[in-house]
Amino acid sequence: MKSDDKNLNCVDPFNVVADSHTGLIREKNEDSYLYRVAEDSRNTLVAVADGIGGHEGGDIASGLCMRMMATEWRDGAFGNSTSVKRISDFLRKNIKKANHHIFSINKSVKAQHPMGTTVVAAVLLAEKIIVAHAGDSRCYRLRNGMLTPLTEDHSYVAELVRNKLINIEDARNHPFSHIISRSVGPVEEVEVEVNVFNRKKRDRYLLCSDGLTAHLNDIEIETILYDSLTAYDATRSLIQASLRGGGEDNITVICVFT
């Protein structure tokens, strides 16, 4: 890389940290994650997939989704694309492609409980972040000490909150909080939500599975992200806090400090 091209790199590789924990209750980790950041690339790709709990092969579904995304990212040379539309199309089409692949496997084996996964993925360009998701895995942004969710859960309880039938605190303990309205794999078609946001220097981003947010509210997440000196510290502290809260599900976290 030429010295005058260094500013093309979106994120320092050392500022992207990911980790996953099985939790204290589950026997198997059905979460998967992905990140692609390199000194010779303008863009950074990060993603989290959460295999649907209680279904056959949730870990297989989440792993397939992440591997397919990694392959498409590499083969399409998206790491240096400056087109917001091209990146948005990559995310949408790739998640739909993973959905068709997993659905076809479910159909071929006549699965009684089809495997599936949620997914949240983000691509950081020089001045934009493009976020795609299906399900209740989330993306957050911390800017100037204030936490903002960049995704809205695709779930039964989230719909109740959006329609002001229950409040956020009621949602945390709702008996149907585990029911999601979108996922990758169980049905033939999935609607992928894609949004584009402005990105600023010193923004901090978090992608996570619902094993984290089941035990930490937004204020707690905000405090940990703000107080952490590095992405490594934030990732470790978030997982440890979730474990202290009960660790009832698999926990996966990716932190990106810019």
# chains A, B, ... in the order shown; residues from 1 in each chain; ligands from 1
>>> residues_around(residues="region 82-94 of chain A", least_positions_apart="6", cutoff="7 Å", atoms="only C-alpha atoms", output="PyMOL selection string")
chain A and resi 69+130+132+192+194
>>> write_last_selection(atoms="N, CA and C atoms", output="PDB file, in the first residue's frame")
ATOM      1  N   MET A  69     -21.656 -15.306   3.231  1.00  0.00           N
ATOM      2  CA  MET A  69     -21.405 -13.873   3.171  1.00  0.00           C
ATOM      3  C   MET A  69     -19.921 -13.587   2.993  1.00  0.00           C
ATOM      4  N   ILE A 130     -23.710   0.877   6.411  1.00  0.00           N
ATOM      5  CA  ILE A 130     -24.883   0.242   5.828  1.00  0.00           C
ATOM      6  C   ILE A 130     -25.196  -0.979   6.674  1.00  0.00           C
ATOM      7  N   ALA A 132     -27.846  -4.212   7.586  1.00  0.00           N
ATOM      8  CA  ALA A 132     -28.911  -5.102   7.127  1.00  0.00           C
ATOM      9  C   ALA A 132     -29.225  -6.097   8.230  1.00  0.00           C
ATOM     10  N   VAL A 192     -35.477  -8.573   3.925  1.00  0.00           N
ATOM     11  CA  VAL A 192     -34.273  -8.074   4.589  1.00  0.00           C
ATOM     12  C   VAL A 192     -34.370  -6.559   4.713  1.00  0.00           C
ATOM     13  N   VAL A 194     -32.668  -3.054   5.137  1.00  0.00           N
ATOM     14  CA  VAL A 194     -31.364  -2.422   4.903  1.00  0.00           C
ATOM     15  C   VAL A 194     -31.497  -0.919   5.108  1.00  0.00           C
TER      16      VAL A 194
END
>>> closest_atom_pairs(of="region 45-150 of chain A", to="region 10-22 of chain A", cutoff="7 Å", atoms="only C-alpha atoms", output="JSON lines")
{"residue": "A:Leu124", "atom": "CA", "partner": "A:Cys10", "partner_atom": "CA", "distance": 6.8}
{"residue": "A:Leu125", "atom": "CA", "partner": "A:Cys10", "partner_atom": "CA", "distance": 6.1}
{"residue": "A:Ala126", "atom": "CA", "partner": "A:Cys10", "partner_atom": "CA", "distance": 5.5}
>>> atom_distance(atom1="CA of Asp249 (chain A)", atom2="CA of His133 (chain A)")
19.8 Å
>>> select_by_dssp(residues="region 69-258 of chain A", states="strand (DSSP E)", output="JSON, numbers by chain")
{"A": [117, 118, 119, 120, 121, 122, 123, 124, 128, 129, 130, 131, 132, 133, 134, 138, 139, 140, 141, 142, 143, 146, 147, 148, 149, 193, 194, 195, 196, 197, 198, 204, 205, 206, 207, 208, 251, 252, 253, 254, 255, 256, 257]}
>>> atom_distance(atom1="CA of Ile180 (chain A)", atom2="CA of Glu72 (chain A)")
26.6 Å
>>> residues_around(residues="Asn144 (chain A)", least_positions_apart="2", cutoff="10 Å", atoms="only C-alpha atoms", output="PDB file with N, CA and C atoms, in the first residue's frame")
ATOM      1  N   ARG A 141     -25.099   2.157  17.783  1.00  0.00           N
ATOM      2  CA  ARG A 141     -24.049   3.152  17.597  1.00  0.00           C
ATOM      3  C   ARG A 141     -23.936   4.005  18.846  1.00  0.00           C
ATOM      4  N   LEU A 142     -22.706   4.206  19.317  1.00  0.00           N
ATOM      5  CA  LEU A 142     -22.442   5.152  20.397  1.00  0.00           C
ATOM      6  C   LEU A 142     -21.753   6.365  19.790  1.00  0.00           C
ATOM      7  N   MET A 146     -23.824   8.937  23.538  1.00  0.00           N
ATOM      8  CA  MET A 146     -25.241   8.572  23.451  1.00  0.00           C
ATOM      9  C   MET A 146     -25.416   7.329  22.580  1.00  0.00           C
ATOM     10  N   LEU A 147     -26.113   6.332  23.122  1.00  0.00           N
ATOM     11  CA  LEU A 147     -26.356   5.082  22.410  1.00  0.00           C
ATOM     12  C   LEU A 147     -27.625   5.180  21.566  1.00  0.00           C
ATOM     13  N   ARG A 202     -14.708   8.576  15.573  1.00  0.00           N
ATOM     14  CA  ARG A 202     -14.892   8.297  16.999  1.00  0.00           C
ATOM     15  C   ARG A 202     -16.243   7.655  17.316  1.00  0.00           C
ATOM     16  N   ASP A 203     -17.045   7.335  16.306  1.00  0.00           N
ATOM     17  CA  ASP A 203     -18.225   6.493  16.551  1.00  0.00           C
ATOM     18  C   ASP A 203     -17.769   5.133  17.061  1.00  0.00           C
ATOM     19  N   ARG A 204     -18.606   4.525  17.890  1.00  0.00           N
ATOM     20  CA  ARG A 204     -18.376   3.153  18.342  1.00  0.00           C
ATOM     21  C   ARG A 204     -19.610   2.332  17.984  1.00  0.00           C
ATOM     22  N   TYR A 226     -19.135   3.379  26.526  1.00  0.00           N
ATOM     23  CA  TYR A 226     -18.547   4.690  26.781  1.00  0.00           C
ATOM     24  C   TYR A 226     -17.309   4.593  27.674  1.00  0.00           C
TER      25      TYR A 226
END
>>> select_by_dssp(residues="region 43-219 of chain A", states="alpha helix (DSSP H)", output="PyMOL selection string")
chain A and resi 58-75+84-108+156-162+168-172+210-213+218-219
>>> write_last_selection(atoms="C-alpha atoms", output="PDB file, in the first residue's frame")
ATOM      1  CA  GLY A  58     -29.314 -23.682  14.427  1.00  0.00           C
ATOM      2  CA  ASP A  59     -25.522 -23.705  14.555  1.00  0.00           C
ATOM      3  CA  ILE A  60     -25.380 -25.078  11.009  1.00  0.00           C
ATOM      4  CA  ALA A  61     -27.729 -22.354   9.725  1.00  0.00           C
ATOM      5  CA  SER A  62     -25.812 -19.500  11.362  1.00  0.00           C
ATOM      6  CA  GLY A  63     -22.477 -20.895  10.177  1.00  0.00           C
ATOM      7  CA  LEU A  64     -23.721 -21.302   6.604  1.00  0.00           C
ATOM      8  CA  CYS A  65     -25.041 -17.746   6.557  1.00  0.00           C
ATOM      9  CA  MET A  66     -21.689 -16.322   7.691  1.00  0.00           C
ATOM     10  CA  ARG A  67     -19.598 -18.477   5.355  1.00  0.00           C
ATOM     11  CA  MET A  68     -21.702 -17.566   2.331  1.00  0.00           C
ATOM     12  CA  MET A  69     -21.405 -13.873   3.171  1.00  0.00           C
ATOM     13  CA  ALA A  70     -17.626 -14.128   3.591  1.00  0.00           C
ATOM     14  CA  THR A  71     -17.263 -15.900   0.237  1.00  0.00           C
ATOM     15  CA  GLU A  72     -19.430 -13.380  -1.633  1.00  0.00           C
ATOM     16  CA  TRP A  73     -17.535 -10.485  -0.018  1.00  0.00           C
ATOM     17  CA  ARG A  74     -14.214 -11.901  -1.179  1.00  0.00           C
ATOM     18  CA  ASP A  75     -15.287 -12.958  -4.661  1.00  0.00           C
ATOM     19  CA  VAL A  84     -23.554   2.588  -1.290  1.00  0.00           C
ATOM     20  CA  LYS A  85     -26.039   0.949  -3.662  1.00  0.00           C
ATOM     21  CA  ARG A  86     -23.658  -1.870  -4.558  1.00  0.00           C
ATOM     22  CA  ILE A  87     -22.922  -2.617  -0.894  1.00  0.00           C
ATOM     23  CA  SER A  88     -26.617  -2.412   0.027  1.00  0.00           C
ATOM     24  CA  ASP A  89     -27.457  -4.824  -2.790  1.00  0.00           C
ATOM     25  CA  PHE A  90     -24.676  -7.169  -1.638  1.00  0.00           C
ATOM     26  CA  LEU A  91     -26.108  -7.374   1.863  1.00  0.00           C
ATOM     27  CA  ARG A  92     -29.714  -7.817   0.774  1.00  0.00           C
ATOM     28  CA  LYS A  93     -29.001 -10.325  -2.002  1.00  0.00           C
ATOM     29  CA  ASN A  94     -26.531 -12.332   0.063  1.00  0.00           C
ATOM     30  CA  ILE A  95     -28.911 -12.772   2.983  1.00  0.00           C
ATOM     31  CA  LYS A  96     -31.673 -13.781   0.573  1.00  0.00           C
ATOM     32  CA  LYS A  97     -29.286 -16.235  -1.097  1.00  0.00           C
ATOM     33  CA  ALA A  98     -28.452 -17.767   2.279  1.00  0.00           C
ATOM     34  CA  ASN A  99     -32.169 -17.999   3.015  1.00  0.00           C
ATOM     35  CA  HIS A 100     -32.835 -19.918  -0.208  1.00  0.00           C
ATOM     36  CA  HIS A 101     -29.917 -22.260   0.463  1.00  0.00           C
ATOM     37  CA  ILE A 102     -30.934 -23.075   4.030  1.00  0.00           C
ATOM     38  CA  PHE A 103     -34.593 -23.380   3.039  1.00  0.00           C
ATOM     39  CA  SER A 104     -33.679 -25.883   0.315  1.00  0.00           C
ATOM     40  CA  ILE A 105     -31.772 -27.989   2.858  1.00  0.00           C
ATOM     41  CA  ASN A 106     -34.745 -27.942   5.224  1.00  0.00           C
ATOM     42  CA  LYS A 107     -37.010 -28.991   2.366  1.00  0.00           C
ATOM     43  CA  SER A 108     -34.721 -31.771   1.140  1.00  0.00           C
ATOM     44  CA  TYR A 156     -43.767 -10.230  18.087  1.00  0.00           C
ATOM     45  CA  VAL A 157     -42.931  -8.269  21.224  1.00  0.00           C
ATOM     46  CA  ALA A 158     -41.183  -5.485  19.287  1.00  0.00           C
ATOM     47  CA  GLU A 159     -44.372  -5.021  17.270  1.00  0.00           C
ATOM     48  CA  LEU A 160     -46.318  -4.654  20.512  1.00  0.00           C
ATOM     49  CA  VAL A 161     -43.873  -1.984  21.685  1.00  0.00           C
ATOM     50  CA  ARG A 162     -43.990  -0.110  18.365  1.00  0.00           C
ATOM     51  CA  ILE A 168     -39.954  -1.631  26.886  1.00  0.00           C
ATOM     52  CA  GLU A 169     -39.748  -2.965  30.437  1.00  0.00           C
ATOM     53  CA  ASP A 170     -42.786  -5.176  29.875  1.00  0.00           C
ATOM     54  CA  ALA A 171     -41.166  -6.456  26.681  1.00  0.00           C
ATOM     55  CA  ARG A 172     -38.080  -7.693  28.519  1.00  0.00           C
ATOM     56  CA  ASP A 210     -30.047 -11.390  21.776  1.00  0.00           C
ATOM     57  CA  GLY A 211     -28.107 -13.330  24.397  1.00  0.00           C
ATOM     58  CA  LEU A 212     -26.551  -9.978  25.293  1.00  0.00           C
ATOM     59  CA  THR A 213     -29.648  -7.813  25.234  1.00  0.00           C
ATOM     60  CA  ASP A 218     -29.590   0.084  26.607  1.00  0.00           C
ATOM     61  CA  ILE A 219     -28.372   2.231  29.508  1.00  0.00           C
TER      62      ILE A 219
END
>>> closest_residue(among="A:Ser32, A:Leu206, A:Pro186, A:Ala241", to="Lys110 (chain A)", atoms="only C-alpha atoms")
A:Pro186
>>> closest_residue(among="A:Asn217, A:Thr258, A:Ser41, A:Ser155", to="Leu229 (chain A)", atoms="only C-alpha atoms")
A:Thr258
>>> atom_distance(atom1="CA of Gly245 (chain A)", atom2="CA of Ile224 (chain A)")
14.3 Å
>>> closest_residue(among="A:Glu248, A:Phe257, A:Ala231, A:Gly135", to="Glu27 (chain A)", atoms="only C-alpha atoms")
A:Glu248
>>> closest_residue(among="A:Gly51, A:Leu216, A:Val119, A:Glu222", to="Ile239 (chain A)", atoms="only C-alpha atoms")
A:Leu216
>>> residues_around(residues="Ser183 (chain A)", least_positions_apart="3", cutoff="6 Å", atoms="only C-alpha atoms", output="compact mmCIF listing (two decimals) with C-alpha atoms, in the first residue's frame")
# COMPACT_ATOMS: atom_id res chain seq x y z
CA THR A 117 -30.91 -18.04 11.95
CA THR A 118 -31.23 -14.35 12.61
CA ALA A 134 -33.54 -10.03 9.75
CA GLY A 135 -34.63 -11.04 13.24
>>> closest_residue(among="A:Cys139, A:Leu34, A:Ala121, A:Ile129", to="Ile221 (chain A)", atoms="only C-alpha atoms")
A:Cys139
>>> closest_residue(among="A:Asp136, A:Gln240, A:Ile254, A:Gly57", to="Asn29 (chain A)", atoms="only C-alpha atoms")
A:Gly57
